[in-house]
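Enquirer: Input structure: query_37.pdb, which contains PDB, C-alpha atoms.
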ATOM      1  CA  MET A  74       0.255 114.070  37.236
ATOM      2  CA  ILE A  75      -2.735 116.404  37.399
ATOM      3  CA  ASP A  76      -3.886 118.149  34.237
ATOM      4  CA  LEU A  77      -4.185 121.668  35.669
ATOM      5  CA  ARG A  78      -6.305 123.082  32.847
ATOM      6  CA  ARG A  79      -8.808 120.245  33.122
ATOM      7  CA  PHE A  80      -8.898 120.588  36.904
ATOM      8  CA  LEU A  81      -9.515 124.356  36.719
ATOM      9  CA  ARG A  82     -12.393 123.804  34.273
ATOM     10  CA  GLY A  83     -13.923 121.188  36.587
ATOM     11  CA  ALA A  84     -16.650 121.663  39.142
ATOM     12  CA  LEU A  85     -14.455 121.696  42.281
ATOM     13  CA  PRO A  86     -12.842 125.117  41.637
ATOM     14  CA  ARG A  87     -16.252 126.635  40.829
ATOM     15  CA  ILE A  88     -17.789 125.170  43.987
ATOM     16  CA  PHE A  89     -14.817 126.338  46.086
ATOM     17  CA  THR A  90     -15.059 129.841  44.603
ATOM     18  CA  ARG A  91     -18.799 130.059  45.319
ATOM     19  CA  TYR A  92     -18.243 128.613  48.816
ATOM     20  CA  THR A  93     -15.493 131.178  49.422
ATOM     21  CA  LEU A  94     -17.655 134.088  48.266
ATOM     22  CA  GLY A  95     -20.592 132.811  50.341
ATOM     23  CA  SER A  96     -18.307 132.458  53.355
ATOM     24  CA  VAL A  97     -17.030 136.005  52.854
ATOM     25  CA  VAL A  98     -20.626 137.276  52.799
ATOM     26  CA  ALA A  99     -21.416 135.249  55.941
ATOM     27  CA  ALA A 100     -18.214 136.499  57.622
ATOM     28  CA  VAL A 101     -19.107 140.114  56.838
ATOM     29  CA  VAL A 102     -22.624 139.602  58.225
ATOM     30  CA  SER A 103     -21.141 137.987  61.361
ATOM     31  CA  GLU A 104     -18.399 140.573  61.822
ATOM     32  CA  VAL A 105     -20.733 143.558  61.388
ATOM     33  CA  THR A 106     -23.196 141.984  63.832
ATOM     34  CA  LEU A 107     -20.414 141.366  66.363
ATOM     35  CA  LEU A 108     -18.878 144.839  66.056
ATOM     36  CA  VAL A 109     -22.236 146.619  66.277
ATOM     37  CA  ALA A 110     -23.634 144.509  69.140
ATOM     38  CA  TYR A 111     -20.388 144.518  71.141
ATOM     39  CA  GLY A 112     -19.064 147.930  70.104
ATOM     40  CA  GLN A 113     -22.344 149.689  70.961
ATOM     41  CA  GLU A 114     -22.474 147.696  74.228
ATOM     42  CA  LEU A 115     -25.813 146.158  73.253
ATOM     43  CA  LEU A 116     -24.440 142.727  74.214
ATOM     44  CA  GLY A 117     -21.421 141.357  76.031
ATOM     45  CA  ALA A 118     -18.572 139.763  74.034
ATOM     46  CA  GLN A 119     -19.889 136.211  74.195
ATOM     47  CA  ALA A 120     -23.551 137.125  73.596
ATOM     48  CA  ALA A 121     -22.477 139.262  70.631
ATOM     49  CA  ALA A 122     -20.490 136.297  69.309
ATOM     50  CA  VAL A 123     -23.605 134.094  69.566
ATOM     51  CA  ALA A 124     -25.715 136.670  67.690
ATOM     52  CA  ALA A 125     -22.984 137.068  65.072
ATOM     53  CA  TRP A 126     -22.688 133.298  64.702
ATOM     54  CA  ALA A 127     -26.446 132.833  64.301
ATOM     55  CA  LEU A 128     -26.800 135.379  61.500
ATOM     56  CA  GLY A 129     -23.613 134.182  59.796
ATOM     57  CA  ALA A 130     -24.550 130.491  60.071
ATOM     58  CA  VAL A 131     -27.967 130.969  58.485
ATOM     59  CA  THR A 132     -26.425 133.070  55.696
ATOM     60  CA  ASN A 133     -23.671 130.488  55.191
ATOM     61  CA  TYR A 134     -26.096 127.542  55.058
ATOM     62  CA  VAL A 135     -28.380 129.163  52.497
ATOM     63  CA  LEU A 136     -25.496 130.269  50.265
ATOM     64  CA  ALA A 137     -23.584 126.971  50.580
ATOM     65  CA  ARG A 138     -26.567 124.743  49.887
ATOM     66  CA  ARG A 139     -28.350 126.712  47.191
ATOM     67  CA  TRP A 140     -25.505 128.576  45.492
ATOM     68  CA  ALA A 141     -22.210 126.713  46.025
ATOM     69  CA  TRP A 142     -23.475 123.118  45.840
ATOM     70  CA  ARG A 143     -26.703 123.878  43.908
ATOM     71  CA  ARG A 144     -28.939 121.773  46.144
ATOM     72  CA  ARG A 145     -32.688 122.238  45.832
ATOM     73  CA  GLY A 146     -35.671 120.640  47.470
ATOM     74  CA  ARG A 147     -35.923 119.249  50.952
ATOM     75  CA  PRO A 148     -32.575 118.740  52.697
ATOM     76  CA  ARG A 149     -31.708 115.295  54.031
ATOM     77  CA  VAL A 150     -31.816 115.561  57.818
ATOM     78  CA  LEU A 151     -29.134 113.034  58.819
ATOM     79  CA  ARG A 152     -26.856 113.565  55.844
ATOM     80  CA  GLU A 153     -27.137 117.329  55.406
ATOM     81  CA  LEU A 154     -28.845 119.300  58.162
ATOM     82  CA  LEU A 155     -27.463 117.575  61.256
ATOM     83  CA  PRO A 156     -23.783 117.509  60.164
ATOM     84  CA  PHE A 157     -23.946 121.096  58.866
ATOM     85  CA  TRP A 158     -25.397 122.454  62.069
ATOM     86  CA  LEU A 159     -23.064 120.347  64.251
ATOM     87  CA  THR A 160     -20.062 121.925  62.506
ATOM     88  CA  SER A 161     -21.706 125.319  62.904
ATOM     89  CA  VAL A 162     -22.284 124.767  66.624
ATOM     90  CA  THR A 163     -18.647 123.662  66.964
ATOM     91  CA  GLY A 164     -17.675 126.933  65.291
ATOM     92  CA  LEU A 165     -19.986 128.776  67.693
ATOM     93  CA  LEU A 166     -18.355 127.163  70.731
ATOM     94  CA  LEU A 167     -14.851 127.965  69.478
ATOM     95  CA  THR A 168     -15.638 131.571  68.529
ATOM     96  CA  THR A 169     -17.550 132.195  71.769
ATOM     97  CA  TRP A 170     -14.677 130.843  73.837
ATOM     98  CA  ALA A 171     -12.077 132.791  71.833
ATOM     99  CA  THR A 172     -13.978 136.095  71.987
ATOM    100  CA  GLY A 173     -14.460 135.623  75.741
ATOM    101  CA  VAL A 174     -10.715 135.146  76.175
ATOM    102  CA  ALA A 175     -10.013 138.153  73.914
ATOM    103  CA  HIS A 176     -12.448 140.260  75.975
ATOM    104  CA  ASP A 177     -10.634 139.291  79.184
ATOM    105  CA  VAL A 178      -7.148 139.855  77.740
ATOM    106  CA  GLY A 179      -8.008 142.979  75.711
ATOM    107  CA  PRO A 180      -7.989 145.520  78.568
ATOM    108  CA  ARG A 181      -4.495 144.374  79.591
ATOM    109  CA  LEU A 182      -3.207 144.780  76.029
ATOM    110  CA  PHE A 183      -4.996 147.943  74.892
ATOM    111  CA  ALA A 184      -5.719 151.235  76.632
ATOM    112  CA  THR A 185      -8.598 152.365  74.401
ATOM    113  CA  ASP A 186     -12.027 150.811  73.890
ATOM    114  CA  GLY A 187     -11.710 151.065  70.098
ATOM    115  CA  ALA A 188      -8.533 148.978  70.046
ATOM    116  CA  ARG A 189     -10.100 146.427  72.415
ATOM    117  CA  VAL A 190     -13.189 146.103  70.206
ATOM    118  CA  LEU A 191     -11.022 145.652  67.097
ATOM    119  CA  PHE A 192      -8.937 143.022  68.916
ATOM    120  CA  VAL A 193     -12.052 141.019  69.878
ATOM    121  CA  GLY A 194     -13.285 141.338  66.276
ATOM    122  CA  ALA A 195      -9.924 140.164  64.919
ATOM    123  CA  VAL A 196      -9.903 137.124  67.199
ATOM    124  CA  PHE A 197     -13.460 136.261  66.122
ATOM    125  CA  LEU A 198     -12.513 136.600  62.447
ATOM    126  CA  GLY A 199      -9.305 134.588  62.970
ATOM    127  CA  VAL A 200     -11.181 131.608  64.399
ATOM    128  CA  TYR A 201     -13.696 131.863  61.553
ATOM    129  CA  GLY A 202     -10.816 131.754  59.038
ATOM    130  CA  VAL A 203      -9.124 128.750  60.648
ATOM    131  CA  LEU A 204     -12.313 126.703  60.349
ATOM    132  CA  PHE A 205     -12.857 127.706  56.710
ATOM    133  CA  LEU A 206     -10.899 124.991  54.859
ATOM    134  CA  ALA A 207     -11.812 122.190  57.237
ATOM    135  CA  LYS A 208     -15.491 123.031  56.827
ATOM    136  CA  PHE A 209     -15.198 123.153  53.035
ATOM    137  CA  CYS A 210     -13.699 119.657  52.892
ATOM    138  CA  PHE A 211     -16.325 118.292  55.269
ATOM    139  CA  PHE A 212     -19.171 119.929  53.345
ATOM    140  CA  HIS A 213     -17.877 118.926  49.919
ATOM    141  CA  TYR A 214     -16.967 115.324  50.656
ATOM    142  CA  PHE A 215     -19.719 114.497  53.137
ATOM    143  CA  VAL A 216     -22.575 116.960  53.762
ATOM    144  CA  PHE A 217     -23.322 117.986  50.158
ATOM    145  CA  ALA A 218     -21.648 115.024  48.428
ATOM    146  CA  GLU A 219     -23.557 113.195  45.728
ATOM    147  CA  PRO A 220     -24.706 109.775  46.895
ATOM    148  CA  ARG A 221     -22.882 107.025  45.030
ATOM    149  CA  ALA A 222     -23.902 103.427  44.385
ATOM    150  CA  ALA A 223     -22.482 101.346  47.227
ATOM    151  CA  SER A 224     -21.871  98.263  45.108
ATOM    152  CA  ALA A 225     -22.067  96.929  41.572
ATOM    153  CA  GLY A 226     -25.269  95.101  42.542
ATOM    154  CA  GLU A 227     -27.007  98.435  43.088
ATOM    155  CA  ALA A 228     -25.813  99.631  39.688
ATOM    156  CA  ASP A 229     -27.285  96.499  38.067
ATOM    157  CA  GLU A 230     -30.623  97.101  39.781
ATOM    158  CA  GLU A 231     -30.577 100.700  38.537
ATOM    159  CA  GLY A 232     -29.878  99.487  35.005
ATOM    160  CA  GLU A 233     -32.869  97.124  35.197
ATOM    161  CA  ALA A 234     -35.049 100.004  36.362
ATOM    162  CA  ASP A 235     -33.894 102.060  33.389
ATOM    163  CA  GLU A 236     -34.929  99.309  30.986
ATOM    164  CA  GLU A 237     -38.397  99.381  32.523
ATOM    165  CA  GLY A 238     -38.723 103.045  31.540
ATOM    166  CA  GLU A 239     -37.928 104.714  34.868
ATOM    167  CA  ALA A 240     -35.782 107.809  34.557
ATOM    168  CA  ASP A 241     -32.334 107.797  36.114
ATOM    169  CA  ALA A 242     -31.786 111.225  37.636
ATOM    170  CA  ASP A 243     -28.603 110.367  39.582
ATOM    171  CA  GLY A 244     -25.599 112.286  38.341
ATOM    172  CA  ALA A 245     -27.705 114.766  36.363
ATOM    173  CA  ASP A 246     -26.210 117.645  38.335
ATOM    174  CA  ASP A 247     -22.928 116.036  39.414
ATOM    175  CA  PRO A 248     -20.783 118.663  41.220
ATOM    176  CA  ASP A 249     -17.585 116.898  40.136
ATOM    177  CA  GLY A 250     -18.420 117.424  36.471
ATOM    178  CA  ALA A 251     -18.966 113.749  35.635
ATOM    179  CA  VAL A 252     -21.060 112.997  32.585
ATOM    180  CA  PRO A 253     -24.592 111.948  33.568
ATOM    181  CA  ARG A 254     -25.441 108.310  32.966
ATOM    182  CA  ARG A 255     -27.871 107.532  30.192
ATOM    183  CA  SER A 256     -30.555 104.910  30.190
ATOM    184  CA  ARG A 257     -30.722 102.256  27.477
ATOM    185  CA  SER A 258     -33.798 103.965  26.077
ATOM    186  CA  GLN A 259     -31.670 107.023  25.203
ATOM    187  CA  VAL A 260     -29.175 104.980  23.165
ATOM    188  CA  PRO A 261     -30.056 104.359  19.510
ATOM    189  CA  SER A 262     -31.273 100.800  18.950
ATOM    190  CA  THR A 263     -28.451 100.143  16.450
ATOM    191  CA  THR A 264     -25.867 100.398  19.234
ATOM    192  CA  ARG A 265     -27.697  98.269  21.828
ATOM    193  CA  LYS A 266     -26.437  94.776  22.591
TER     194      LYS A 266
END
Hey, can you dump this file as structure tokens for me?
Expert:
Amino acid sequence: MIDLRRFLRGALPRIFTRYTLGSVVAAVVSEVTLLVAYGQELLGAQAAAVAAWALGAVTNYVLARRWAWRRRGRPRVLRELLPFWLTSVTGLLLTTWATGVAHDVGPRLFATDGARVLFVGAVFLGVYGVLFLAKFCFFHYFVFAEPRAASAGEADEEGEADEEGEADADGADDPDGAVPRRSRSQVPSTTRK
């Protein structure tokens, strides 16, 4: 049975809340871009969706990495950048396709341009919402996940490094709220074996 109070005080709800707020900001940026570019006839439906995606994706990446998951420094290309942008491009393809379909169907459903524009915007936002939870799970458990020791042998090697005076920074900012590991040099000599 899950201890709900402990879970709610953990890191996952805080990360999800920050991810949600960042996604809302990115969705607003995307939606405003789409409605302005398409509604003012600056771009067609699909080109407006691409522009909206681009601004929203950059906003989402910056907020997810720096604010939700608190990552700093250079991103890991294969572990972080490539998977993030592949999911974003997948979102782009889905939203572009869906807004194109909505643009084609809209005139048959609505007599006014305003209603058609709102329909295309609603379809765009609907696809964005459907991808929301799947992206969170992928980002949390893969893209921005903390690297873990693959085997006990690696943990032993890390312990030997600690004894030699090298700092162990793994787990210092663990998003799951785990207590950071301490090196032997941080433990009082009376408790060492």
Enquirer: Taking only C-alpha atoms into account, which of A:Leu108, A:Leu94, A:Leu155, A:Ala218 comes nearest Ala188 (chain A)?
Expert: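 Closest to Ala188 (chain A), using only C-alpha atoms: A:Leu108.
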Enquirer: To test your reading of the syntax: which residues would the PyMOL selection byres ((chain A and resi 163-179) around 6) return for the file shown? Reply as a PyMOL selection string.
Expert: chain A and resi 119+122+160-162+180-183+189+193+197
Enquirer: Do a neighbour search on Phe211 (chain A) at 10 Å with all atoms listed in the file, toss out local chain neighbours closer than 4 positions, and write the hits as an MDAnalysis selection string.
Expert: chainID A and resid 156:157 160 206:207 215:218
Enquirer: Taking 5 positions as the minimum chain separation for residues in the same chain, which residues sit within 10 Å of Arg91 (chain A) when counting all atoms listed in the file? Answer as an NGL selection string.
Expert: :A and (85-86 or 96-97 or 136-137 or 140-142)
Enquirer: What does the structure give for the distance between CA of Trp158 (chain A) and CA of Tyr134 (chain A), in Å to one decimal?
Expert: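 Calculated distance between CA of Trp158 (chain A) and CA of Tyr134 (chain A) is 8.7 Å.
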Enquirer: When the PyMOL selection byres ((chain A and resi 111) around 12) is applied to the file above, which residues end up in the set, as a PDB file with C-alpha atoms, keeping the file's coordinate frame?
Expert:
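Below is the file result_28.pdb, written as the result:
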ATOM      1  CA  SER A 103     -21.141 137.987  61.361  1.00  0.00           C
ATOM      2  CA  GLU A 104     -18.399 140.573  61.822  1.00  0.00           C
ATOM      3  CA  VAL A 105     -20.733 143.558  61.388  1.00  0.00           C
ATOM      4  CA  THR A 106     -23.196 141.984  63.832  1.00  0.00           C
ATOM      5  CA  LEU A 107     -20.414 141.366  66.363  1.00  0.00           C
ATOM      6  CA  LEU A 108     -18.878 144.839  66.056  1.00  0.00           C
ATOM      7  CA  VAL A 109     -22.236 146.619  66.277  1.00  0.00           C
ATOM      8  CA  ALA A 110     -23.634 144.509  69.140  1.00  0.00           C
ATOM      9  CA  GLY A 112     -19.064 147.930  70.104  1.00  0.00           C
ATOM     10  CA  GLN A 113     -22.344 149.689  70.961  1.00  0.00           C
ATOM     11  CA  GLU A 114     -22.474 147.696  74.228  1.00  0.00           C
ATOM     12  CA  LEU A 115     -25.813 146.158  73.253  1.00  0.00           C
ATOM     13  CA  LEU A 116     -24.440 142.727  74.214  1.00  0.00           C
ATOM     14  CA  GLY A 117     -21.421 141.357  76.031  1.00  0.00           C
ATOM     15  CA  ALA A 118     -18.572 139.763  74.034  1.00  0.00           C
ATOM     16  CA  GLN A 119     -19.889 136.211  74.195  1.00  0.00           C
ATOM     17  CA  ALA A 120     -23.551 137.125  73.596  1.00  0.00           C
ATOM     18  CA  ALA A 121     -22.477 139.262  70.631  1.00  0.00           C
ATOM     19  CA  ALA A 122     -20.490 136.297  69.309  1.00  0.00           C
ATOM     20  CA  VAL A 123     -23.605 134.094  69.566  1.00  0.00           C
ATOM     21  CA  ALA A 124     -25.715 136.670  67.690  1.00  0.00           C
ATOM     22  CA  ALA A 125     -22.984 137.068  65.072  1.00  0.00           C
ATOM     23  CA  THR A 172     -13.978 136.095  71.987  1.00  0.00           C
ATOM     24  CA  GLY A 173     -14.460 135.623  75.741  1.00  0.00           C
ATOM     25  CA  HIS A 176     -12.448 140.260  75.975  1.00  0.00           C
ATOM     26  CA  ASP A 186     -12.027 150.811  73.890  1.00  0.00           C
ATOM     27  CA  GLY A 187     -11.710 151.065  70.098  1.00  0.00           C
ATOM     28  CA  ARG A 189     -10.100 146.427  72.415  1.00  0.00           C
ATOM     29  CA  VAL A 190     -13.189 146.103  70.206  1.00  0.00           C
ATOM     30  CA  LEU A 191     -11.022 145.652  67.097  1.00  0.00           C
ATOM     31  CA  PHE A 192      -8.937 143.022  68.916  1.00  0.00           C
ATOM     32  CA  VAL A 193     -12.052 141.019  69.878  1.00  0.00           C
ATOM     33  CA  GLY A 194     -13.285 141.338  66.276  1.00  0.00           C
ATOM     34  CA  PHE A 197     -13.460 136.261  66.122  1.00  0.00           C
TER      35      PHE A 197
END
Enquirer: Could you jot down the CA of Arg147 (chain A) to CA of Glu219 (chain A) separation for me, Å, one decimal place?
Expert: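 Calculated distance between CA of Arg147 (chain A) and CA of Glu219 (chain A) is 14.7 Å.
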Enquirer: Report the distance between CA of Gly202 (chain A) and CA of Val135 (chain A) in Å, rounded to one decimal place.
Expert: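 Straight-line distance from CA of Gly202 (chain A) to CA of Val135 (chain A) works out to 18.9 Å.
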